[in-house]
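Shown here: my_file-v7.cif, mmCIF, C-alpha atoms.
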data_run
loop_
_atom_site.label_atom_id
_atom_site.label_comp_id
_atom_site.auth_asym_id
_atom_site.auth_seq_id
_atom_site.Cartn_x
_atom_site.Cartn_y
_atom_site.Cartn_z
CA MET W 1 195.71 118.26 129.36
CA ASP W 2 193.41 120.63 127.47
CA THR W 3 189.68 120.15 127.09
CA ILE W 4 189.80 118.84 123.53
CA ALA W 5 192.26 116.10 124.44
CA LYS W 6 190.05 115.11 127.35
CA LEU W 7 187.05 114.81 125.03
CA ASP W 8 189.06 112.68 122.64
CA GLU W 9 189.97 110.19 125.35
CA ILE W 10 188.38 106.80 124.82
CA LYS W 11 186.03 105.97 127.65
CA THR W 12 185.84 102.39 128.84
CA THR W 13 183.13 102.57 131.50
CA PRO W 14 180.13 100.21 131.06
CA TRP W 15 177.79 102.99 129.95
CA ALA W 16 180.32 104.84 127.74
CA GLY W 17 178.73 103.38 124.62
CA GLY W 18 180.06 101.32 121.76
CA ARG W 19 179.18 98.02 123.45
CA SER W 20 176.41 96.52 125.53
CA PRO W 21 176.63 97.52 129.20
CA PHE W 22 175.19 94.14 130.13
CA GLN W 23 177.63 92.05 128.06
CA ILE W 24 175.27 89.14 127.94
CA GLU W 25 174.11 87.21 124.93
CA TYR W 26 170.97 88.69 123.34
CA GLY W 27 168.68 85.70 123.91
CA LYS W 28 169.69 85.42 127.56
CA LEU W 29 168.99 89.12 128.12
CA MET W 30 165.55 88.73 126.54
CA MET W 31 164.89 85.68 128.71
CA TRP W 32 165.78 87.75 131.79
CA PHE W 33 163.37 90.47 130.69
CA PHE W 34 160.61 87.91 130.18
CA LEU W 35 161.30 86.35 133.58
CA LEU W 36 161.15 89.78 135.21
CA SER W 37 157.70 90.37 133.74
CA ASP W 38 156.66 86.88 134.81
CA ALA W 39 157.95 87.62 138.31
CA PHE W 40 155.63 90.62 138.39
CA THR W 41 152.67 88.42 137.40
CA PHE W 42 153.39 85.82 140.08
CA SER W 43 154.03 88.53 142.68
CA ALA W 44 150.67 90.11 141.86
CA PHE W 45 148.96 86.74 142.45
CA LEU W 46 150.79 86.06 145.71
CA ILE W 47 150.37 89.60 147.03
CA TYR W 48 146.64 89.42 146.33
CA TYR W 49 146.59 86.12 148.22
CA GLY W 50 148.36 87.83 151.14
CA ALA W 51 145.95 90.77 151.11
CA GLN W 52 142.96 88.40 151.15
CA ARG W 53 144.44 86.41 153.99
CA PHE W 54 145.08 89.57 156.00
CA SER W 55 141.55 90.81 155.37
CA LYS W 56 139.76 87.67 156.69
CA MET W 57 139.11 86.84 160.32
CA THR W 58 139.75 83.12 159.69
CA TRP W 59 141.75 81.08 157.20
CA PRO W 60 141.93 77.31 156.54
CA ASP W 61 144.82 75.77 158.51
CA PRO W 62 147.32 74.47 155.91
CA ASP W 63 148.39 71.64 158.26
CA LEU W 64 144.79 70.38 158.22
CA VAL W 65 144.04 71.01 154.53
CA PHE W 66 147.21 69.38 153.20
CA GLN W 67 147.73 66.33 155.38
CA SER W 68 147.42 63.42 152.98
CA ILE W 69 149.94 61.40 151.03
CA PRO W 70 148.05 60.03 148.00
CA GLY W 71 147.99 56.24 148.07
CA ILE W 72 149.46 55.98 151.56
CA THR W 73 147.43 57.91 154.12
CA ASP W 74 144.57 60.38 154.06
CA THR W 75 145.31 62.12 157.34
CA GLY W 76 148.02 62.94 159.81
CA ALA W 77 150.94 63.70 157.46
CA PRO W 78 151.08 67.46 156.95
CA LEU W 79 153.83 68.80 154.65
CA VAL W 80 155.19 65.35 153.71
CA PHE W 81 153.76 65.13 150.19
CA VAL W 82 154.50 68.76 149.34
CA GLY W 83 157.97 68.20 150.76
CA ILE W 84 158.50 65.41 148.23
CA MET W 85 157.24 67.71 145.45
CA THR W 86 159.65 70.47 146.53
CA PHE W 87 162.52 68.00 146.59
CA ILE W 88 161.66 66.78 143.07
CA LEU W 89 161.61 70.31 141.69
CA ILE W 90 164.88 71.34 143.37
CA ALA W 91 166.50 68.11 142.15
CA SER W 92 165.33 68.76 138.58
CA SER W 93 166.79 72.26 138.86
CA VAL W 94 170.14 70.69 139.76
CA THR W 95 170.04 68.30 136.80
CA MET W 96 169.33 71.35 134.63
CA VAL W 97 172.45 73.21 135.85
CA LEU W 98 174.41 70.01 135.30
CA ALA W 99 173.12 69.97 131.69
CA VAL W 100 174.27 73.60 131.30
CA GLU W 101 177.65 72.67 132.81
CA ALA W 102 178.00 69.76 130.39
CA GLY W 103 177.06 72.15 127.57
CA HIS W 104 180.02 74.38 128.47
CA ARG W 105 182.29 71.40 127.87
CA ASN W 106 180.42 70.60 124.61
CA ALA W 107 179.72 67.13 126.03
CA LYS W 108 176.66 66.26 123.96
CA LYS W 109 176.00 62.88 125.59
CA GLU W 110 175.99 64.32 129.10
CA VAL W 111 173.70 67.20 128.06
CA VAL W 112 171.24 64.65 126.67
CA TRP W 113 171.18 62.57 129.87
CA TRP W 114 170.86 65.53 132.22
CA MET W 115 168.06 66.96 130.05
CA VAL W 116 166.27 63.59 130.19
CA ALA W 117 166.60 63.62 133.99
CA THR W 118 165.21 67.19 134.12
CA ILE W 119 162.23 66.23 131.96
CA ILE W 120 161.49 63.19 134.14
CA GLY W 121 161.62 65.45 137.22
CA GLY W 122 159.22 67.90 135.59
CA PHE W 123 156.71 65.18 134.70
CA THR W 124 156.95 63.67 138.19
CA PHE W 125 156.21 67.05 139.73
CA LEU W 126 153.20 67.51 137.44
CA GLY W 127 151.95 64.03 138.38
CA CYS W 128 152.25 64.87 142.09
CA GLN W 129 150.37 68.10 141.53
CA ALA W 130 147.61 66.22 139.69
CA LEU W 131 147.28 63.90 142.73
CA GLU W 132 147.19 66.88 145.09
CA TRP W 133 144.47 68.60 143.02
CA THR W 134 142.43 65.38 142.79
CA HIS W 135 142.62 64.93 146.56
CA LEU W 136 141.44 68.50 147.25
CA HIS W 137 138.72 68.15 144.62
CA HIS W 138 137.43 65.04 146.39
CA GLU W 139 137.44 66.97 149.67
CA GLY W 140 135.07 69.42 147.99
CA PHE W 141 137.45 72.25 147.07
CA TRP W 142 137.35 73.65 143.54
CA TRP W 143 136.98 77.03 141.83
CA GLY W 144 133.75 78.39 143.28
CA THR W 145 133.14 75.28 145.41
CA VAL W 146 133.89 74.55 149.07
CA PRO W 147 133.21 71.53 151.32
CA SER W 148 130.25 71.41 153.71
CA ALA W 149 130.02 73.90 156.60
CA GLU W 150 131.12 71.32 159.22
CA VAL W 151 134.27 70.42 157.28
CA ILE W 152 135.13 74.10 156.84
CA THR W 153 134.71 74.74 160.57
CA GLU W 154 136.98 71.76 161.30
CA LEU W 155 139.64 73.38 159.08
CA GLY W 156 139.35 76.55 161.16
CA ALA W 157 137.75 78.66 158.43
CA ASP W 158 134.39 80.11 157.43
CA GLY W 159 132.54 79.99 154.08
CA VAL W 160 134.06 83.19 152.67
CA SER W 161 137.70 82.54 153.61
CA ALA W 162 137.49 78.88 152.50
CA GLN W 163 136.17 80.06 149.14
CA GLN W 164 138.96 82.61 148.72
CA PHE W 165 141.49 79.96 149.71
CA ALA W 166 140.13 77.47 147.17
CA ASN W 167 140.03 79.98 144.30
CA LEU W 168 143.51 81.31 144.98
CA PHE W 169 145.05 77.88 145.58
CA PHE W 170 143.83 76.46 142.26
CA THR W 171 144.59 79.66 140.34
CA ILE W 172 148.13 80.13 141.64
CA THR W 173 149.27 76.49 141.69
CA GLY W 174 147.48 76.09 138.34
CA PHE W 175 149.37 78.99 136.83
CA HIS W 176 152.60 77.60 138.24
CA GLY W 177 151.75 74.11 136.97
CA PHE W 178 151.12 75.59 133.54
CA HIS W 179 154.63 77.07 133.67
CA VAL W 180 156.07 73.69 134.65
CA PHE W 181 154.18 72.08 131.77
CA THR W 182 155.45 74.59 129.17
CA GLY W 183 158.91 74.24 130.72
CA VAL W 184 158.82 70.49 130.19
CA LEU W 185 157.68 70.97 126.58
CA ILE W 186 160.50 73.44 125.90
CA ASN W 187 162.97 71.07 127.56
CA ILE W 188 161.78 68.26 125.28
CA ILE W 189 162.26 70.47 122.20
CA ILE W 190 165.79 71.34 123.35
CA LEU W 191 166.50 67.67 124.07
CA ILE W 192 165.46 66.72 120.54
CA MET W 193 167.58 69.54 119.11
CA THR W 194 170.55 68.38 121.19
CA MET W 195 170.15 64.77 120.03
CA ALA W 196 169.87 65.96 116.43
CA GLY W 197 173.24 67.68 116.92
CA VAL W 198 171.98 71.22 116.23
CA PHE W 199 174.02 72.76 119.07
CA GLU W 200 177.04 70.61 118.29
CA ARG W 201 177.11 72.12 114.79
CA ARG W 202 176.49 75.61 116.21
CA GLY W 203 179.51 75.19 118.47
CA HIS W 204 177.81 76.24 121.70
CA TYR W 205 174.91 75.16 123.94
CA LEU W 206 173.53 78.64 124.78
CA MET W 207 169.95 77.46 124.10
CA VAL W 208 170.31 75.01 127.00
CA GLU W 209 171.28 77.93 129.24
CA LYS W 210 168.25 79.97 128.12
CA VAL W 211 165.70 77.22 128.85
CA GLY W 212 167.69 76.59 132.03
CA LEU W 213 166.95 80.15 133.16
CA TYR W 214 163.25 79.53 132.60
CA TRP W 215 163.33 76.21 134.41
CA HIS W 216 165.10 77.68 137.47
CA PHE W 217 162.57 80.50 137.53
CA VAL W 218 159.77 77.92 137.77
CA ASP W 219 161.61 76.35 140.70
CA LEU W 220 162.03 79.81 142.26
CA VAL W 221 158.30 80.52 142.06
CA TRP W 222 157.56 77.16 143.68
CA VAL W 223 159.79 78.09 146.63
CA PHE W 224 157.51 81.08 147.27
CA VAL W 225 154.24 79.19 146.63
CA PHE W 226 155.42 76.49 149.04
CA THR W 227 156.13 79.04 151.77
CA PHE W 228 152.95 81.06 151.47
CA PHE W 229 150.46 78.22 150.91
CA TYR W 230 151.91 75.42 153.01
CA LEU W 231 154.10 76.91 155.73
CA VAL W 232 152.79 80.35 156.75
CA MET K 1 176.61 89.68 119.08
CA SER K 2 179.83 88.33 117.59
CA SER K 3 180.79 84.73 118.13
CA GLU K 4 184.08 85.93 119.59
CA HIS K 5 182.21 87.64 122.38
CA THR K 6 180.24 84.49 123.16
CA LYS K 7 183.45 82.53 123.46
CA VAL K 8 184.86 85.00 125.99
CA GLU K 9 181.68 84.73 128.03
CA HIS K 10 181.88 80.96 127.87
CA ALA K 11 185.35 80.87 129.30
CA GLN K 12 184.28 83.02 132.26
CA GLU K 13 181.22 80.92 132.99
CA HIS K 14 183.18 77.72 132.78
CA GLU K 15 185.33 78.88 135.67
CA SER K 16 182.41 80.03 137.81
CA MET K 17 180.15 76.97 138.11
CA THR K 18 181.78 73.59 138.66
CA LYS K 19 180.06 70.30 139.41
CA SER K 20 181.08 70.33 143.06
CA LYS K 21 179.75 73.88 143.47
CA ILE K 22 176.41 72.87 141.92
CA TRP K 23 176.03 70.01 144.41
CA LYS K 24 177.02 72.32 147.26
CA VAL K 25 174.20 74.73 146.34
CA PHE K 26 171.81 71.76 146.09
CA PHE K 27 172.64 70.64 149.63
CA ILE K 28 172.28 74.21 150.93
CA LEU K 29 168.79 74.42 149.37
CA LEU K 30 167.87 71.00 150.73
CA GLY K 31 169.22 71.91 154.17
CA ILE K 32 167.18 75.13 154.32
CA THR K 33 164.02 73.20 153.34
CA VAL K 34 164.73 70.66 156.09
CA VAL K 35 165.13 73.51 158.60
CA GLU K 36 161.74 74.87 157.47
CA PHE K 37 160.21 71.43 158.07
CA ILE K 38 161.74 71.21 161.54
CA ILE K 39 160.32 74.65 162.41
CA ALA K 40 156.91 73.61 161.08
CA LEU K 41 156.65 70.13 162.60
CA ALA K 42 158.95 69.86 165.60
CA VAL K 43 158.86 73.32 167.22
CA PRO K 44 155.68 73.78 169.30
CA GLU K 45 153.87 77.09 169.01
CA THR K 46 153.94 77.52 172.77
CA LEU K 47 157.71 77.82 172.52
CA VAL K 48 157.92 79.95 169.37
CA PRO K 49 154.81 82.02 168.51
CA LYS K 50 153.32 81.73 165.01
CA PRO K 51 154.35 85.24 163.83
CA VAL K 52 158.00 84.51 164.68
CA LYS K 53 157.79 81.22 162.77
CA ASP K 54 156.27 82.98 159.76
CA PHE K 55 159.06 85.55 159.85
CA ALA K 56 161.63 82.74 159.90
CA TYR K 57 159.95 81.02 156.90
CA ILE K 58 160.05 84.21 154.85
CA ILE K 59 163.71 84.90 155.65
CA LEU K 60 164.65 81.28 154.79
CA THR K 61 162.64 81.53 151.55
CA LEU K 62 164.53 84.66 150.56
CA VAL K 63 167.83 82.90 151.29
CA LYS K 64 166.75 80.01 149.04
CA ALA K 65 165.70 82.49 146.36
CA PHE K 66 169.15 84.10 146.59
CA TYR K 67 170.93 80.77 146.04
CA ILE K 68 168.71 79.84 143.08
CA VAL K 69 169.02 83.22 141.36
CA ALA K 70 172.69 83.84 142.16
CA PHE K 71 174.12 80.40 141.38
CA PHE K 72 171.61 78.33 139.36
CA MET K 73 170.51 81.31 137.27
CA HIS K 74 174.08 82.51 137.30
CA LEU K 75 173.20 86.14 138.06
CA LYS K 76 176.04 86.55 140.57
CA PHE K 77 178.56 86.16 137.76
CA GLU K 78 176.91 88.54 135.31
CA LYS K 79 177.87 92.19 134.83
CA TYR K 80 177.09 94.54 137.72
CA THR K 81 174.84 96.66 135.49
CA LEU K 82 172.61 93.67 134.69
CA ILE K 83 172.35 92.60 138.35
CA VAL K 84 171.38 96.11 139.47
CA GLY K 85 169.08 96.65 136.49
CA LEU K 86 167.10 93.53 137.35
CA LEU K 87 167.06 93.91 141.13
CA VAL K 88 166.04 97.58 141.16
CA SER K 89 162.79 96.59 139.42
CA PHE K 90 161.82 94.69 142.56
CA ILE K 91 161.24 98.02 144.34
CA PHE K 92 157.83 98.01 142.62
CA ILE K 93 157.01 94.59 144.06
CA LEU K 94 158.06 95.65 147.57
CA TYR K 95 155.91 98.77 147.28
CA PHE K 96 152.98 96.66 146.05
CA ILE K 97 153.38 94.31 149.02
CA VAL K 98 153.28 97.23 151.46
CA LEU K 99 150.21 98.70 149.76
CA MET K 100 148.22 95.46 149.60
CA ILE K 101 149.02 94.26 153.13
CA ASN K 102 147.90 97.66 154.37
CA GLU K 103 144.72 97.30 152.31
CA GLY K 104 144.10 93.81 153.74
CA ASN K 105 144.49 95.09 157.27
CA TYR K 106 142.09 97.93 156.58
CA MET K 107 139.48 95.49 155.24
CA ASN K 108 140.03 93.25 158.23
CA SER K 109 139.21 96.04 160.68
CA HIS K 110 136.36 97.64 158.72
CA MET K 111 134.50 94.83 156.97
CA ASN K 112 134.40 92.15 159.65
CA LEU K 113 132.42 94.12 162.22
#
The structure given in the file should be rewritten as structure tokens.
Amino acid sequence: MDTIAKLDEIKTTPWAGGRSPFQIEYGKLMMWFFLLSDAFTFSAFLIYYGAQRFSKMTWPDPDLVFQSIPGITDTGAPLVFVGIMTFILIASSVTMVLAVEAGHRNAKKEVVWWMVATIIGGFTFLGCQALEWTHLHHEGFWWGTVPSAEVITELGADGVSAQQFANLFFTITGFHGFHVFTGVLINIIILIMTMAGVFERRGHYLMVEKVGLYWHFVDLVWVFVFTFFYLV
Amino acid sequence: MSSEHTKVEHAQEHESMTKSKIWKVFFILLGITVVEFIIALAVPETLVPKPVKDFAYIILTLVKAFYIVAFFMHLKFEKYTLIVGLLVSFIFILYFIVLMINEGNYMNSHMNL
């Protein structure tokens, strides 16, 4: 085969041109790009938290800071309440994939019900977080505020590390909570569009998949927040 | 993107994520979280030192992250170029972690005298 014939050969490799190497729908690709940038933001927050924690001689013991279940007990139950919150968020992630799965079958009714379940899960998580914040606020933690010196010593920390802990806890879980809140709002919009039959007329439920990506990302961030604030 | 293309994609995705598979991933995620709880609450630190526990938490978290991204976010079934394109970007995050942990250690040994 001479050189010219070789040049004329049609290439079919992913990067040969003529088609997208990613072969993914435009909106989904853009959602992935957004999520990547958001992952950088959350990583920056969590890495700064790690650096602060490494730099301090003491740090509040998470098992002592988070040991209440609002409305049931104030002490002696570390990890239980946050465990419930984690379960709620993972469960709402599952209902979201089930909505996407129903969308593939163009089953409008099922999409509606799974979206409703996802929205309920999102609101429940936000409610739990509000209780958690209220509890810590009553303990004396807030942006720029820490409990009295005796309480801080009991938690195994000093004034500086307790302050860094408080600021970073409210900033990071607040930023995550804000994502959950916007996620719930977007889910509600998609639910209304589904009920109005917009996607049925369009012939596909790709919008459900796109908000699904966002919703799973929120769950993903929580997995990391849970580890670094409550377990480590 | 043409509607024809979207339909092709649809058919592929339909095969990849079934209801039973979704529930399987859910129980894997739940199981890993339960294991984390057992490590945190039932394993005494005299038996397993805190740094080892922390290492275990981080590994388990990464496993959970894999299941969420690969199956729930469907990345495992996307084109290889997209998977690599997204994952390679995480080199920057890894590098940032190394830098900042180093910085934290430096501050710990020089500012807390």
(Q) Given the PyMOL selection byres ((chain K) within 6 of (chain W)) and the file above, list the residues it selects as a VMD selection string. (A) chain K and resid 54 73 79 81 to 82 97 100 to 101 104 to 105 107 to 108
Q.
Give me, as a list in words, all polymer residues having an atom no more than 12 Å from Trp143 in chain W, counting only C-alpha atoms and skipping those fewer than 2 positions away in the same chain.
A. Trp133, Leu136, His137, Gly140, Phe141, Thr145, Val146, Pro147, Ala162, Gln163, Gln164, Phe165, Ala166, Asn167, Leu168, Phe169, Phe170, Thr171, Ile172 and Gly174 of chain W
Q: Counting only C-alpha atoms, figure out which residue out of W:Asp2, W:Thr41, W:Trp59, W:Thr12 gets nearest to Phe96 in chain K.
A: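 Using only C-alpha atoms, Phe96 in chain K sits closest to W:Thr41.
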Q: Would you kindly return, as a PyMOL selection string, each protein, DNA or RNA residue with an atom no farther than 10 Å from any atom of Gly71 in chain W, considering only C-alpha atoms and excluding same-chain residues fewer than 3 positions away?
A: chain W and resi 68+74+131
Q | Atomic separation - CA of Phe175 in chain W relative to CA of Val225 in chain W, Å | A |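 Straight-line distance from CA of Val225 in chain W to CA of Phe175 in chain W works out to 10.9 Å.
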(Q) Calculated over all atoms listed in the file, which of the candidates W:Ala149, W:Ala16, W:Ile69, W:Ile188 has the smallest distance to Ile120 in chain W? (A)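 When distances to Ile120 in chain W are compared using all atoms listed in the file, the smallest one comes from W:Ile188.
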Q) What is the CA of Pro70 in chain W to CA of Thr134 in chain W distance in Å? A)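 Here the two named atoms are 9.3 Å from each other.
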Residue completion, range 14-36 of chain K, N, CA and C atoms, as an mmCIF file, keeping the file's coordinate frame:
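Writing done, so here's out-v3.cif:
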data_model
loop_
_atom_site.group_PDB
_atom_site.id
_atom_site.type_symbol
_atom_site.label_atom_id
_atom_site.label_comp_id
_atom_site.auth_asym_id
_atom_site.auth_seq_id
_atom_site.Cartn_x
_atom_site.Cartn_y
_atom_site.Cartn_z
ATOM 1 N N HIS K 14 182.629 79.031 132.528
ATOM 2 C CA HIS K 14 183.180 77.720 132.780
ATOM 3 C C HIS K 14 183.908 77.705 134.120
ATOM 4 N N GLU K 15 184.590 78.809 134.413
ATOM 5 C CA GLU K 15 185.330 78.880 135.670
ATOM 6 C C GLU K 15 184.395 78.984 136.864
ATOM 7 N N SER K 16 183.213 79.625 136.654
ATOM 8 C CA SER K 16 182.410 80.030 137.810
ATOM 9 C C SER K 16 181.549 78.910 138.391
ATOM 10 N N MET K 17 181.063 77.991 137.583
ATOM 11 C CA MET K 17 180.150 76.970 138.110
ATOM 12 C C MET K 17 180.675 75.568 137.828
ATOM 13 N N THR K 18 181.278 74.947 138.837
ATOM 14 C CA THR K 18 181.780 73.590 138.660
ATOM 15 C C THR K 18 180.774 72.618 139.244
ATOM 16 N N LYS K 19 180.982 71.331 138.928
ATOM 17 C CA LYS K 19 180.060 70.300 139.410
ATOM 18 C C LYS K 19 179.956 70.287 140.926
ATOM 19 N N SER K 20 181.102 70.398 141.596
ATOM 20 C CA SER K 20 181.080 70.330 143.060
ATOM 21 C C SER K 20 180.319 71.523 143.639
ATOM 22 N N LYS K 21 180.460 72.680 143.004
ATOM 23 C CA LYS K 21 179.750 73.880 143.470
ATOM 24 C C LYS K 21 178.236 73.705 143.298
ATOM 25 N N ILE K 22 177.839 73.097 142.167
ATOM 26 C CA ILE K 22 176.410 72.870 141.920
ATOM 27 C C ILE K 22 175.826 72.004 143.028
ATOM 28 N N TRP K 23 176.540 70.909 143.363
ATOM 29 C CA TRP K 23 176.030 70.010 144.410
ATOM 30 C C TRP K 23 176.025 70.682 145.767
ATOM 31 N N LYS K 24 176.990 71.580 145.999
ATOM 32 C CA LYS K 24 177.020 72.320 147.260
ATOM 33 C C LYS K 24 175.755 73.170 147.392
ATOM 34 N N VAL K 25 175.408 73.890 146.309
ATOM 35 C CA VAL K 25 174.200 74.730 146.340
ATOM 36 C C VAL K 25 172.965 73.862 146.553
ATOM 37 N N PHE K 26 172.944 72.674 145.915
ATOM 38 C CA PHE K 26 171.810 71.760 146.090
ATOM 39 C C PHE K 26 171.639 71.391 147.562
ATOM 40 N N PHE K 27 172.755 71.053 148.226
ATOM 41 C CA PHE K 27 172.640 70.640 149.630
ATOM 42 C C PHE K 27 172.276 71.816 150.534
ATOM 43 N N ILE K 28 172.704 73.025 150.164
ATOM 44 C CA ILE K 28 172.280 74.210 150.930
ATOM 45 C C ILE K 28 170.763 74.368 150.815
ATOM 46 N N LEU K 29 170.231 74.269 149.580
ATOM 47 C CA LEU K 29 168.790 74.420 149.370
ATOM 48 C C LEU K 29 168.015 73.340 150.129
ATOM 49 N N LEU K 30 168.528 72.106 150.041
ATOM 50 C CA LEU K 30 167.870 71.000 150.730
ATOM 51 C C LEU K 30 167.901 71.219 152.232
ATOM 52 N N GLY K 31 169.060 71.663 152.737
ATOM 53 C CA GLY K 31 169.220 71.910 154.170
ATOM 54 C C GLY K 31 168.245 72.962 154.663
ATOM 55 N N ILE K 32 168.099 74.057 153.906
ATOM 56 C CA ILE K 32 167.180 75.130 154.320
ATOM 57 C C ILE K 32 165.753 74.588 154.369
ATOM 58 N N THR K 33 165.377 73.770 153.353
ATOM 59 C CA THR K 33 164.020 73.200 153.340
ATOM 60 C C THR K 33 163.811 72.301 154.563
ATOM 61 N N VAL K 34 164.837 71.526 154.913
ATOM 62 C CA VAL K 34 164.730 70.660 156.090
ATOM 63 C C VAL K 34 164.539 71.510 157.347
ATOM 64 N N VAL K 35 165.279 72.616 157.449
ATOM 65 C CA VAL K 35 165.130 73.510 158.600
ATOM 66 C C VAL K 35 163.689 74.032 158.672
ATOM 67 N N GLU K 36 163.127 74.392 157.509
ATOM 68 C CA GLU K 36 161.740 74.870 157.470
ATOM 69 C C GLU K 36 160.785 73.792 157.997
#
